[in-house]
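Dropping upload_11.pdb in here (PDB, C-alpha atoms):
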ATOM      1  CA  MET Y   1      14.652  -9.385  36.931
ATOM      2  CA  GLU Y   2      16.254 -12.790  36.572
ATOM      3  CA  TYR Y   3      15.407 -15.275  33.839
ATOM      4  CA  TYR Y   4      16.999 -18.031  31.760
ATOM      5  CA  SER Y   5      18.304 -16.035  28.810
ATOM      6  CA  PHE Y   6      19.324 -17.376  25.424
ATOM      7  CA  ASN Y   7      22.831 -15.960  25.899
ATOM      8  CA  ARG Y   8      23.188 -17.927  29.120
ATOM      9  CA  TYR Y   9      21.911 -21.080  27.422
ATOM     10  CA  LEU Y  10      24.419 -20.708  24.580
ATOM     11  CA  ARG Y  11      27.323 -20.098  26.956
ATOM     12  CA  GLU Y  12      26.376 -23.194  28.943
ATOM     13  CA  ARG Y  13      26.128 -25.282  25.791
ATOM     14  CA  PHE Y  14      29.053 -23.967  23.746
ATOM     15  CA  ASP Y  15      31.199 -22.364  26.468
ATOM     16  CA  CYS Y  16      31.356 -19.034  24.610
ATOM     17  CA  LYS Y  17      29.192 -16.289  23.158
ATOM     18  CA  VAL Y  18      27.497 -17.366  19.933
ATOM     19  CA  TYR Y  19      26.087 -15.004  17.307
ATOM     20  CA  LYS Y  20      23.167 -15.495  14.941
ATOM     21  CA  ILE Y  21      23.544 -15.047  11.219
ATOM     22  CA  CYS Y  22      20.141 -14.395   9.620
ATOM     23  CA  ILE Y  23      19.819 -16.314   6.361
ATOM     24  CA  ASN Y  24      17.306 -15.941   3.551
ATOM     25  CA  GLY Y  25      16.769 -19.379   2.012
ATOM     26  CA  GLY Y  26      14.673 -17.987  -0.831
ATOM     27  CA  PHE Y  27      11.463 -19.612   0.419
ATOM     28  CA  THR Y  28       7.914 -18.306   0.311
ATOM     29  CA  CYS Y  29       4.909 -19.000   2.557
ATOM     30  CA  PRO Y  30       1.450 -20.559   2.143
ATOM     31  CA  ASN Y  31       0.091 -17.177   3.185
ATOM     32  CA  ARG Y  32       1.870 -15.612   0.217
ATOM     33  CA  ASP Y  33       1.774 -18.064  -2.681
ATOM     34  CA  GLY Y  34      -2.002 -18.412  -2.844
ATOM     35  CA  THR Y  35      -2.321 -21.655  -0.893
ATOM     36  CA  LEU Y  36      -3.890 -19.829   2.065
ATOM     37  CA  GLY Y  37      -3.644 -16.267   0.850
ATOM     38  CA  THR Y  38      -1.480 -13.778  -0.985
ATOM     39  CA  ARG Y  39      -1.074 -10.904   1.461
ATOM     40  CA  GLY Y  40       0.728 -12.701   4.274
ATOM     41  CA  CYS Y  41      -0.018 -12.245   7.949
ATOM     42  CA  ILE Y  42      -1.344  -8.771   8.657
ATOM     43  CA  PHE Y  43       1.828  -7.663  10.456
ATOM     44  CA  CYS Y  44       4.351  -9.305   8.136
ATOM     45  CA  SER Y  45       6.764  -7.092   6.211
ATOM     46  CA  GLU Y  46       7.562  -7.420   2.539
ATOM     47  CA  GLY Y  47      10.663  -9.358   3.556
ATOM     48  CA  GLY Y  48       8.643 -11.994   5.367
ATOM     49  CA  SER Y  49       9.978 -10.988   8.804
ATOM     50  CA  GLY Y  50      13.467 -11.454   7.433
ATOM     51  CA  ASP Y  51      14.363  -7.773   7.104
ATOM     52  CA  PHE Y  52      17.765  -8.353   8.687
ATOM     53  CA  ALA Y  53      18.555 -11.503   6.717
ATOM     54  CA  GLU Y  54      21.285 -11.674   4.106
ATOM     55  CA  ASP Y  55      20.696 -11.488   0.342
ATOM     56  CA  ALA Y  56      18.777 -14.518  -0.951
ATOM     57  CA  ARG Y  57      20.659 -14.269  -4.243
ATOM     58  CA  LEU Y  58      23.809 -15.424  -2.450
ATOM     59  CA  SER Y  59      24.537 -19.063  -1.693
ATOM     60  CA  ILE Y  60      24.078 -20.201   1.901
ATOM     61  CA  THR Y  61      27.850 -20.235   2.390
ATOM     62  CA  GLN Y  62      28.173 -16.745   0.955
ATOM     63  CA  GLN Y  63      25.423 -15.503   3.267
ATOM     64  CA  ILE Y  64      27.235 -16.976   6.268
ATOM     65  CA  GLU Y  65      30.474 -15.263   5.263
ATOM     66  CA  ALA Y  66      28.629 -11.960   4.748
ATOM     67  CA  GLY Y  67      27.013 -12.318   8.161
ATOM     68  CA  LYS Y  68      30.364 -12.994   9.786
ATOM     69  CA  LYS Y  69      31.758  -9.777   8.328
ATOM     70  CA  ARG Y  70      28.879  -7.788   9.826
ATOM     71  CA  VAL Y  71      29.833  -8.737  13.385
ATOM     72  CA  ALA Y  72      33.572  -9.240  12.874
ATOM     73  CA  LYS Y  73      34.548  -6.370  15.180
ATOM     74  CA  LYS Y  74      32.729  -7.774  18.211
ATOM     75  CA  VAL Y  75      33.155 -11.510  17.672
ATOM     76  CA  LYS Y  76      35.949 -13.306  19.481
ATOM     77  CA  SER Y  77      34.732 -16.897  19.486
ATOM     78  CA  GLY Y  78      33.999 -17.292  15.782
ATOM     79  CA  LYS Y  79      30.947 -19.462  16.536
ATOM     80  CA  TYR Y  80      27.591 -18.825  14.907
ATOM     81  CA  ILE Y  81      23.997 -20.005  14.530
ATOM     82  CA  ALA Y  82      22.646 -20.287  10.992
ATOM     83  CA  TYR Y  83      19.177 -18.760  11.445
ATOM     84  CA  PHE Y  84      16.855 -19.349   8.502
ATOM     85  CA  GLN Y  85      14.570 -16.411   9.225
ATOM     86  CA  ALA Y  86      12.737 -15.042   6.189
ATOM     87  CA  PHE Y  87       9.262 -16.408   5.351
ATOM     88  CA  THR Y  88       8.539 -20.121   6.050
ATOM     89  CA  ASN Y  89      11.714 -22.156   6.090
ATOM     90  CA  THR Y  90      10.274 -25.651   5.790
ATOM     91  CA  TYR Y  91       7.934 -24.744   2.936
ATOM     92  CA  ALA Y  92       9.761 -26.449   0.076
ATOM     93  CA  PRO Y  93      10.489 -29.970  -1.196
ATOM     94  CA  VAL Y  94      12.649 -31.992   1.192
ATOM     95  CA  GLU Y  95      15.435 -32.200  -1.407
ATOM     96  CA  VAL Y  96      15.637 -28.396  -1.529
ATOM     97  CA  LEU Y  97      15.603 -28.110   2.262
ATOM     98  CA  ARG Y  98      18.297 -30.765   2.595
ATOM     99  CA  GLN Y  99      20.649 -28.961   0.221
ATOM    100  CA  LYS Y 100      20.305 -25.615   1.993
ATOM    101  CA  PHE Y 101      20.356 -26.872   5.580
ATOM    102  CA  GLU Y 102      23.245 -29.241   5.049
ATOM    103  CA  GLU Y 103      25.272 -26.536   3.327
ATOM    104  CA  ALA Y 104      24.765 -24.403   6.429
ATOM    105  CA  VAL Y 105      25.812 -27.037   8.966
ATOM    106  CA  ARG Y 106      28.834 -28.055   6.887
ATOM    107  CA  HIS Y 107      30.311 -24.629   7.494
ATOM    108  CA  PRO Y 108      32.966 -25.084  10.218
ATOM    109  CA  ASP Y 109      31.955 -21.935  12.117
ATOM    110  CA  ILE Y 110      28.275 -22.902  12.375
ATOM    111  CA  VAL Y 111      27.507 -24.686  15.653
ATOM    112  CA  MET Y 112      23.701 -24.707  15.463
ATOM    113  CA  LEU Y 113      20.841 -24.524  12.961
ATOM    114  CA  SER Y 114      17.729 -22.465  13.738
ATOM    115  CA  ILE Y 115      14.650 -22.804  11.515
ATOM    116  CA  ALA Y 116      11.735 -20.342  11.618
ATOM    117  CA  THR Y 117       8.563 -21.916  10.266
ATOM    118  CA  ARG Y 118       4.830 -22.523  10.649
ATOM    119  CA  PRO Y 119       3.273 -25.502  12.477
ATOM    120  CA  ASP Y 120       1.264 -26.355   9.340
ATOM    121  CA  CYS Y 121       4.443 -26.702   7.260
ATOM    122  CA  LEU Y 122       6.043 -29.619   9.075
ATOM    123  CA  PRO Y 123       5.197 -32.881   7.297
ATOM    124  CA  ASP Y 124       6.780 -36.033   8.694
ATOM    125  CA  GLU Y 125       9.474 -36.164   6.006
ATOM    126  CA  VAL Y 126      10.666 -32.672   6.969
ATOM    127  CA  ILE Y 127      10.855 -33.608  10.639
ATOM    128  CA  GLU Y 128      12.840 -36.703   9.653
ATOM    129  CA  LEU Y 129      15.294 -34.483   7.764
ATOM    130  CA  LEU Y 130      15.673 -32.174  10.753
ATOM    131  CA  CYS Y 131      16.342 -35.216  12.940
ATOM    132  CA  GLU Y 132      19.129 -36.320  10.605
ATOM    133  CA  ILE Y 133      20.743 -32.901  10.752
ATOM    134  CA  ASN Y 134      20.249 -32.749  14.526
ATOM    135  CA  GLU Y 135      22.619 -35.713  14.823
ATOM    136  CA  LYS Y 136      25.342 -33.597  13.174
ATOM    137  CA  LYS Y 137      24.685 -30.244  14.812
ATOM    138  CA  PRO Y 138      21.866 -29.048  17.119
ATOM    139  CA  VAL Y 139      18.648 -27.979  15.407
ATOM    140  CA  SER Y 140      16.119 -25.551  16.850
ATOM    141  CA  VAL Y 141      12.660 -25.146  15.289
ATOM    142  CA  GLU Y 142      10.901 -21.809  15.842
ATOM    143  CA  LEU Y 143       7.120 -21.914  15.548
ATOM    144  CA  GLY Y 144       5.171 -18.713  14.928
ATOM    145  CA  LEU Y 145       2.178 -19.185  17.223
ATOM    146  CA  GLN Y 146       1.736 -15.457  18.031
ATOM    147  CA  THR Y 147      -1.490 -15.989  20.045
ATOM    148  CA  ILE Y 148      -3.767 -18.766  21.282
ATOM    149  CA  HIS Y 149      -6.912 -16.693  20.828
ATOM    150  CA  LYS Y 150      -8.992 -17.516  17.752
ATOM    151  CA  LYS Y 151     -10.327 -13.988  17.244
ATOM    152  CA  SER Y 152      -6.778 -12.617  17.138
ATOM    153  CA  ALA Y 153      -5.512 -15.497  14.979
ATOM    154  CA  ASP Y 154      -8.269 -14.818  12.446
ATOM    155  CA  TYR Y 155      -7.545 -11.098  12.483
ATOM    156  CA  ILE Y 156      -3.829 -11.540  11.772
ATOM    157  CA  ARG Y 157      -4.642 -14.149   9.074
ATOM    158  CA  ARG Y 158      -2.508 -16.813  10.744
ATOM    159  CA  GLY Y 159      -4.158 -19.546   8.717
ATOM    160  CA  TYR Y 160      -4.091 -22.537  11.063
ATOM    161  CA  GLU Y 161      -5.897 -23.718  14.188
ATOM    162  CA  LEU Y 162      -4.369 -24.001  17.655
ATOM    163  CA  SER Y 163      -4.635 -27.799  17.407
ATOM    164  CA  CYS Y 164      -2.128 -27.647  14.530
ATOM    165  CA  PHE Y 165       0.418 -26.021  16.846
ATOM    166  CA  ASP Y 166      -0.261 -28.652  19.506
ATOM    167  CA  ASP Y 167       0.298 -31.444  16.999
ATOM    168  CA  ALA Y 168       3.515 -29.909  15.664
ATOM    169  CA  VAL Y 169       4.950 -29.538  19.162
ATOM    170  CA  LYS Y 170       4.031 -33.130  19.976
ATOM    171  CA  ARG Y 171       5.758 -34.496  16.857
ATOM    172  CA  LEU Y 172       8.830 -32.272  17.173
ATOM    173  CA  LYS Y 173       9.191 -33.183  20.826
ATOM    174  CA  ALA Y 174       8.888 -36.913  20.039
ATOM    175  CA  ALA Y 175      11.658 -36.441  17.466
ATOM    176  CA  GLY Y 176      13.953 -34.909  20.079
ATOM    177  CA  LEU Y 177      14.117 -31.486  18.442
ATOM    178  CA  ASP Y 178      14.437 -28.196  20.311
ATOM    179  CA  ILE Y 179      11.239 -26.111  20.024
ATOM    180  CA  VAL Y 180      10.971 -22.339  20.347
ATOM    181  CA  CYS Y 181       7.604 -20.567  20.314
ATOM    182  CA  HIS Y 182       7.076 -17.032  19.043
ATOM    183  CA  ILE Y 183       4.434 -14.885  20.802
ATOM    184  CA  ILE Y 184       3.455 -11.340  19.811
ATOM    185  CA  LEU Y 185       2.569  -8.923  22.604
ATOM    186  CA  GLY Y 186       0.232  -6.050  21.823
ATOM    187  CA  LEU Y 187      -2.017  -7.551  19.155
ATOM    188  CA  PRO Y 188      -5.093  -5.375  18.536
ATOM    189  CA  GLY Y 189      -7.937  -6.177  20.913
ATOM    190  CA  GLU Y 190      -5.887  -8.347  23.245
ATOM    191  CA  SER Y 191      -5.817  -7.569  26.948
ATOM    192  CA  ARG Y 192      -2.865  -8.138  29.238
ATOM    193  CA  SER Y 193      -4.661 -11.253  30.471
ATOM    194  CA  ASP Y 194      -5.028 -12.539  26.898
ATOM    195  CA  MET Y 195      -1.284 -12.149  26.294
ATOM    196  CA  LEU Y 196      -0.400 -13.919  29.524
ATOM    197  CA  GLU Y 197      -2.725 -16.784  28.613
ATOM    198  CA  SER Y 198      -0.854 -17.257  25.324
ATOM    199  CA  VAL Y 199       2.514 -17.265  27.090
ATOM    200  CA  ASP Y 200       1.290 -19.693  29.755
ATOM    201  CA  TYR Y 201      -0.244 -22.037  27.180
ATOM    202  CA  ALA Y 202       2.904 -22.086  25.078
ATOM    203  CA  CYS Y 203       5.118 -22.801  28.084
ATOM    204  CA  LYS Y 204       2.921 -25.694  29.173
ATOM    205  CA  SER Y 205       2.807 -27.208  25.675
ATOM    206  CA  GLY Y 206       6.276 -28.716  25.923
ATOM    207  CA  ILE Y 207       8.404 -26.063  24.235
ATOM    208  CA  ASN Y 208      12.042 -25.509  25.177
ATOM    209  CA  GLY Y 209      12.212 -21.779  24.522
ATOM    210  CA  ILE Y 210      10.065 -18.722  23.911
ATOM    211  CA  LYS Y 211      10.387 -15.441  22.021
ATOM    212  CA  LEU Y 212       8.335 -12.479  23.180
ATOM    213  CA  GLN Y 213       7.950  -9.947  20.400
ATOM    214  CA  LEU Y 214       6.510  -6.465  20.667
ATOM    215  CA  LEU Y 215       3.994  -5.826  17.889
ATOM    216  CA  HIS Y 216       5.552  -3.474  15.348
ATOM    217  CA  ILE Y 217       3.457  -1.568  12.858
ATOM    218  CA  LEU Y 218       5.551  -1.565   9.695
ATOM    219  CA  ARG Y 219       5.187   0.458   6.546
ATOM    220  CA  GLY Y 220       3.496  -1.392   3.693
ATOM    221  CA  THR Y 221       1.617  -3.904   5.843
ATOM    222  CA  ASP Y 222      -2.142  -4.245   6.156
ATOM    223  CA  LEU Y 223      -1.684  -3.610   9.879
ATOM    224  CA  GLU Y 224      -0.456  -0.121   9.004
ATOM    225  CA  LYS Y 225      -3.827   0.633   7.381
ATOM    226  CA  ASP Y 226      -5.754  -0.324  10.513
ATOM    227  CA  TYR Y 227      -3.380   1.712  12.671
ATOM    228  CA  ALA Y 228      -3.761   4.740  10.400
ATOM    229  CA  ALA Y 229      -7.538   4.374  10.701
ATOM    230  CA  ASP Y 230      -7.229   4.523  14.533
ATOM    231  CA  ARG Y 231      -8.633   1.022  14.941
ATOM    232  CA  PHE Y 232      -6.138   0.228  17.705
ATOM    233  CA  GLU Y 233      -3.308   1.786  19.691
ATOM    234  CA  ALA Y 234       0.267   0.557  19.971
ATOM    235  CA  LEU Y 235       1.555  -0.334  23.419
ATOM    236  CA  SER Y 236       3.267   2.414  25.356
ATOM    237  CA  PHE Y 237       6.774   1.892  26.746
ATOM    238  CA  GLU Y 238       5.396   1.646  30.293
ATOM    239  CA  GLU Y 239       2.663  -0.816  29.301
ATOM    240  CA  TYR Y 240       5.166  -3.054  27.551
ATOM    241  CA  LEU Y 241       7.509  -3.135  30.536
ATOM    242  CA  GLU Y 242       4.643  -4.130  32.827
ATOM    243  CA  ILE Y 243       3.538  -6.903  30.453
ATOM    244  CA  ILE Y 244       7.081  -8.228  30.047
ATOM    245  CA  LYS Y 245       7.525  -8.380  33.822
ATOM    246  CA  SER Y 246       4.269 -10.326  34.178
ATOM    247  CA  CYS Y 247       5.247 -12.697  31.373
ATOM    248  CA  VAL Y 248       8.648 -13.494  32.851
ATOM    249  CA  GLU Y 249       7.050 -14.211  36.215
ATOM    250  CA  ILE Y 250       4.976 -17.072  34.747
ATOM    251  CA  ILE Y 251       7.598 -18.579  32.437
ATOM    252  CA  PRO Y 252       9.033 -21.742  34.041
ATOM    253  CA  ASP Y 253      12.717 -21.729  34.985
ATOM    254  CA  GLY Y 254      13.562 -24.415  32.436
ATOM    255  CA  VAL Y 255      12.146 -22.504  29.450
ATOM    256  CA  VAL Y 256      14.806 -20.418  27.702
ATOM    257  CA  ILE Y 257      13.742 -16.840  26.968
ATOM    258  CA  HIS Y 258      15.224 -16.082  23.555
ATOM    259  CA  ARG Y 259      13.845 -12.566  23.261
ATOM    260  CA  LEU Y 260      12.039  -9.954  25.367
ATOM    261  CA  THR Y 261      11.604  -7.383  22.635
ATOM    262  CA  GLY Y 262      12.423  -7.158  18.955
ATOM    263  CA  ASP Y 263      13.636  -5.014  16.103
ATOM    264  CA  GLY Y 264      11.645  -3.439  13.332
ATOM    265  CA  ALA Y 265      13.601  -2.001  10.430
ATOM    266  CA  LYS Y 266      13.811   1.696  11.361
ATOM    267  CA  LYS Y 267      13.106   2.834   7.807
ATOM    268  CA  ASP Y 268       9.771   0.966   7.912
ATOM    269  CA  LEU Y 269       8.776   1.420  11.564
ATOM    270  CA  ILE Y 270       5.535   3.363  11.995
ATOM    271  CA  ALA Y 271       4.886   2.575  15.666
ATOM    272  CA  PRO Y 272       5.720   2.275  18.476
ATOM    273  CA  LEU Y 273       8.622   4.627  17.777
ATOM    274  CA  TRP Y 274      10.071   4.184  21.280
ATOM    275  CA  SER Y 275      11.012   0.622  20.301
ATOM    276  CA  ALA Y 276      13.646   1.942  17.886
ATOM    277  CA  ASP Y 277      15.853   2.800  20.873
ATOM    278  CA  LYS Y 278      16.730  -0.817  21.618
ATOM    279  CA  LYS Y 279      19.419   0.017  24.153
ATOM    280  CA  ARG Y 280      16.956   2.029  26.229
ATOM    281  CA  VAL Y 281      14.392  -0.776  26.074
ATOM    282  CA  LEU Y 282      16.846  -3.486  27.090
ATOM    283  CA  ASN Y 283      18.261  -1.359  29.921
ATOM    284  CA  ALA Y 284      14.759  -0.704  31.240
ATOM    285  CA  ILE Y 285      13.920  -4.417  31.117
ATOM    286  CA  ALA Y 286      17.145  -5.225  32.968
ATOM    287  CA  ARG Y 287      16.091  -2.887  35.782
ATOM    288  CA  LEU Y 288      12.708  -4.563  36.300
TER     289      LEU Y 288
END
What would you get if you wrote out this structure as structure tokens?
Amino acid sequence: MEYYSFNRYLRERFDCKVYKICINGGFTCPNRDGTLGTRGCIFCSEGGSGDFAEDARLSITQQIEAGKKRVAKKVKSGKYIAYFQAFTNTYAPVEVLRQKFEEAVRHPDIVMLSIATRPDCLPDEVIELLCEINEKKPVSVELGLQTIHKKSADYIRRGYELSCFDDAVKRLKAAGLDIVCHIILGLPGESRSDMLESVDYACKSGINGIKLQLLHILRGTDLEKDYAADRFEALSFEEYLEIIKSCVEIIPDGVVIHRLTGDGAKKDLIAPLWSADKKRVLNAIARL
């Protein structure tokens, strides 16, 4: 199965393999601080989906150096992406964001800045800041859409309407920023057709890249309670492979596929347990 992978994109752009360093900027989320809620999205871990990020108590520079050490044995190029992953990484005053983002891009080994955030946390002044930084080093903004279906969005407690995503993409695109959309496959109650509709919608919205993420049921989440109560079933390995194949078939050639699966911290993973064997999953996808 051929597709435009993120690794290929990075090699074309930087002429070498580039590694991500997951950074915890110490932010929170409107779904956590009481603005929209306090429990987060139903699937979100205690670490705000930043379970593999570095220690937030460290400075940004210290986190980058710690991340470099983690992959030192397999890195030859010495080029990295600073990926602000945990919680909502534009949910803070612009002055705070500027200090953290600029510290990251000042690091000589960082070639790109990647920001995971929510479409409802992108005021104009934040987009202006990202534009400024984009003139120094490339900036990619990752939007957690997850699904286009209102019933599912309400169930996962996403907290914003689809029109908010549309508006964010429009403004980011007008600003010349790279946009990546995050879609979750296997949400409770969603059919294969529902998932494909979300992927198709996202691709036609004007995004530059897409992340397809298998739904993980993680320990300590509200999703775990529903799973324990047998309110839904996790996707089987075979089902996921079939859905991934169908998704790739409808993703346009120019849209970069950043991810076809995902990691859940093994100590917290309840289901699907087959996803813990990442090598097996990736090999099976490669054979499609």
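The coordinates place CA of Ala202 in chain Y at 26.4 Å from CA of Arg39 in chain Y.
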Assuming the chain letters and numbering stay as they are in my file, what does the PyMOL selection byres ((chain Y and resi 109) around 10) actually select? List them as a PyMOL selection string.
chain Y and resi 64-65+68+77-82+104-108+110-112
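Shortest separation to Ala175 in chain Y among Y:Ser205, Y:Ala228, Y:Glu132, Y:Leu145 occurs at residue Y:Glu132, atoms counted being only C-alpha atoms.
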On this structure, the PyMOL selection byres ((chain Y and resi 137) around 8) would catch which residues? List them as number ranges by chain, sorted by chain and number.
Y: 105, 111-113, 133-136, 138-139
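CA of Lys150 in chain Y sits 16.8 Å away from CA of Asp167 in chain Y.
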I'd like the contact shell of Asn283 in chain Y - 12 Å cut-off, all atoms listed in the file, skipping same-chain residues fewer than 5 positions apart - returned as a list in words.
Met1, Leu241, Leu260, Thr261, Asp277, Lys278 and Leu288 of chain Y
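Nearest to Cys131 in chain Y of all the residues Y:Ala174, Y:Ala66, Y:Val96, Y:Leu143 is Y:Ala174, based on only C-alpha atoms.
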Hey, what comes out of the PyMOL selection byres ((chain Y and resi 210) around 10) on this file? Could you write it as number ranges by chain?
Y: 5-6, 142-143, 179-183, 199, 202-203, 207-209, 211-213, 251, 255-260
Residues within 12 Å of Arg118 in chain Y, please, as a ChimeraX atom specification. Count all atoms listed in the file; anything in the same chain fewer than 6 positions from it doesn't count.
/Y:28-31,41,85-91,141-146,158-162,164-169,179-182
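Rounded to one decimal, CA of Asp154 in chain Y and CA of Ala229 in chain Y lie 19.3 Å from each other.
With only C-alpha atoms taken into account, the protein and nucleic acid residues at most 9 Å from Arg171 in chain Y (excluding it and anything under 5 positions from it in its own chain) are Asp124, Ile127, Asp166 and Gly176 of chain Y.
The shortest atom-to-atom distance to Tyr3 in chain Y, with only C-alpha atoms taken into account, belongs to Y:Lys245 out of Y:Ile184, Y:Lys245, Y:Phe232, Y:Gly25.
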Return the single residue from Y:Ala72, Y:Arg157, Y:Asp253, Y:Leu273 that is closest to Glu2 in chain Y, with distances computed using all atoms listed in the file.
Y:Asp253
Padding of 5 Å on every side, edges along x, y and z, all listed atoms of range 278-282 of chain Y included: what centre and edge lengths in Å, to one decimal, does that box have, as JSON?
{"center_x": 16.9, "center_y": -0.7, "center_z": 24.4, "size_x": 15.0, "size_y": 15.5, "size_z": 15.5}
